[in-house]
Amino acid sequence: MNIKMKDVPKCERPRERLINVGVENLSDEELLAIILKTGSKEMSVKSLASYILSNINGIENLKNINYHKVMDIRGIGKAKACTLVALGEISKRATRKIVSLAGIKLNTPDKVFEFYKTKVDRFQEQFYTIYLDANKKVIEEKLLFLGTVNYSLVHPRDIFKEAYLLNATGIICVHNHPSGDVSPSKEDISLTNRLREVGKLMGILVIDHIIIGEEMYYSFLENGKI
């Protein structure tokens, strides 16, 4: 039997319990019910919260959900899906180690990997360029492309334009493979070669191109491909 929230004694409702006993004493289900605000036609908000947590295998996995997967959960519409995905992203950003790259000397690919392995998205491809000075210290990083990379859109013009604006003498390109397989594709190799050629003409060294997986990376530099 599905109990509607209006039938629950007021003192036992999640919002009232938060006020009366403190947020730290609420269950995961109650916290999520407060975020959701309302249930569905079939479930009360608490039942829906419990059902969602069961589907994602616990609140710790909120940070790993995406919109399309959430929409597959019964009782979830577009508004609630957006709320949950936004909550997951907030959780991810709040727990991410906040580190500024500016002024850091990146002299090994593993240093780049350590920084980006928790920064890149698990579900969509991201392409970063790190701009370095003559001492290989970071001037700035730029997220230049987001989503499934169409390599016709990853244009050297956009990458090297930023290098000139920042007075950079070298760049490191970083992108992730959400599949976890860090083997370079034909497109990865072709792009790297194009960047090297343009870099030589423009006097800007392409130091490395690093592909990030969940627990490993591939460095064109370490593998003698750059």
# chains A, B, ... in the order shown; residues from 1 in each chain; ligands from 1
>>> residues_around(residues="Pro184 of chain A", least_positions_apart="4", cutoff="8 Å", atoms="only C-alpha atoms", output="JSON, numbers by chain")
{"A": [188, 189, 211, 218]}
>>> write_last_selection(atoms="N, CA and C atoms", output="compact mmCIF listing (two decimals), in the first residue's frame")
# COMPACT_ATOMS: atom_id res chain seq x y z
N ASP A 188 42.59 9.82 -33.10
CA ASP A 188 43.51 10.38 -32.09
C ASP A 188 44.90 10.56 -32.70
N ILE A 189 45.35 9.55 -33.40
CA ILE A 189 46.70 9.60 -34.01
C ILE A 189 46.76 10.67 -35.08
N ILE A 211 45.65 10.42 -23.26
CA ILE A 211 44.29 9.89 -23.24
C ILE A 211 44.03 9.32 -21.85
N TYR A 218 47.16 6.84 -21.56
CA TYR A 218 48.08 6.60 -22.67
C TYR A 218 48.74 7.93 -23.01
>>> residues_around(residues="Thr83 of chain A", least_positions_apart="5", cutoff="9 Å", atoms="only C-alpha atoms", output="list of chain:residue names")
A:Ile35, A:Leu36, A:Lys78, A:Gly88
>>> atom_distance(atom1="atom CA of Thr38 of chain A", atom2="atom CA of Asp121 of chain A")
29.5 Å
>>> closest_residue(among="A:Lys137, A:Arg13, A:Lys186, A:Arg157", to="Thr108 of chain A", atoms="only C-alpha atoms")
A:Lys137
>>> residues_around(residues="Ile204 of chain A", least_positions_apart="2", cutoff="7 Å", atoms="only C-alpha atoms", output="list in words")
Thr169, Gly170, Gly199, Lys200, Met202 and Val206 of chain A
>>> select_by_dssp(residues="segment 41-152 of chain A", states="helix (DSSP H, G or I)", output="ChimeraX atom specification")
/A:45-55,59-64,67-71,78-95,109-116
>>> closest_residue(among="A:Cys173, A:Ile104, A:Leu166, A:Val182", to="Gly213 of chain A", atoms="only C-alpha atoms")
A:Val182
>>> residues_around(residues="Glu215 of chain A", least_positions_apart="2", cutoff="8 Å", atoms="only C-alpha atoms", output="list in words")
Lys117, Gly180, Gly213 and Tyr217 of chain A
>>> write_last_selection(atoms="C-alpha atoms", output="PDB file, in the first residue's frame")
ATOM      1  CA  LYS A 117      41.524  11.355 -13.773  1.00  0.00           C
ATOM      2  CA  GLY A 180      37.944   3.198 -20.252  1.00  0.00           C
ATOM      3  CA  GLY A 213      40.769   6.254 -18.774  1.00  0.00           C
ATOM      4  CA  TYR A 217      46.320   6.634 -19.327  1.00  0.00           C
TER       5      TYR A 217
END
>>> residues_around(residues="Glu89 of chain A", least_positions_apart="2", cutoff="12 Å", atoms="only C-alpha atoms", output="list of chain:residue names")
A:Asn61, A:Leu62, A:Lys63, A:Asn64, A:Ile65, A:Asn66, A:Tyr67, A:Cys82, A:Thr83, A:Leu84, A:Val85, A:Ala86, A:Leu87, A:Ser91, A:Lys92, A:Arg93, A:Ala94, A:Thr95, A:Arg96, A:Lys119, A:Asp121, A:Arg122
>>> write_last_selection(atoms="C-alpha atoms", output="mmCIF file, in the first residue's frame")
data_model
loop_
_atom_site.group_PDB
_atom_site.id
_atom_site.type_symbol
_atom_site.label_atom_id
_atom_site.label_comp_id
_atom_site.auth_asym_id
_atom_site.auth_seq_id
_atom_site.Cartn_x
_atom_site.Cartn_y
_atom_site.Cartn_z
ATOM 1 C CA ASN A 61 26.169 6.573 -6.956
ATOM 2 C CA LEU A 62 24.196 9.782 -7.492
ATOM 3 C CA LYS A 63 27.364 11.443 -8.778
ATOM 4 C CA ASN A 64 27.649 8.833 -11.539
ATOM 5 C CA ILE A 65 24.173 9.067 -13.049
ATOM 6 C CA ASN A 66 23.280 10.691 -16.340
ATOM 7 C CA TYR A 67 20.049 12.097 -17.724
ATOM 8 C CA CYS A 82 17.260 17.226 -14.381
ATOM 9 C CA THR A 83 17.091 17.745 -10.611
ATOM 10 C CA LEU A 84 18.823 14.436 -9.912
ATOM 11 C CA VAL A 85 21.521 14.907 -12.555
ATOM 12 C CA ALA A 86 22.206 18.426 -11.259
ATOM 13 C CA LEU A 87 22.422 17.056 -7.709
ATOM 14 C CA SER A 91 28.105 16.160 -5.411
ATOM 15 C CA LYS A 92 30.895 15.420 -7.871
ATOM 16 C CA ARG A 93 32.165 18.991 -7.854
ATOM 17 C CA ALA A 94 31.925 19.313 -4.073
ATOM 18 C CA THR A 95 34.038 16.205 -3.481
ATOM 19 C CA ARG A 96 36.512 16.870 -6.260
ATOM 20 C CA LYS A 119 38.193 15.841 -13.422
ATOM 21 C CA ASP A 121 33.514 13.169 -17.168
ATOM 22 C CA ARG A 122 32.782 9.436 -17.067
#
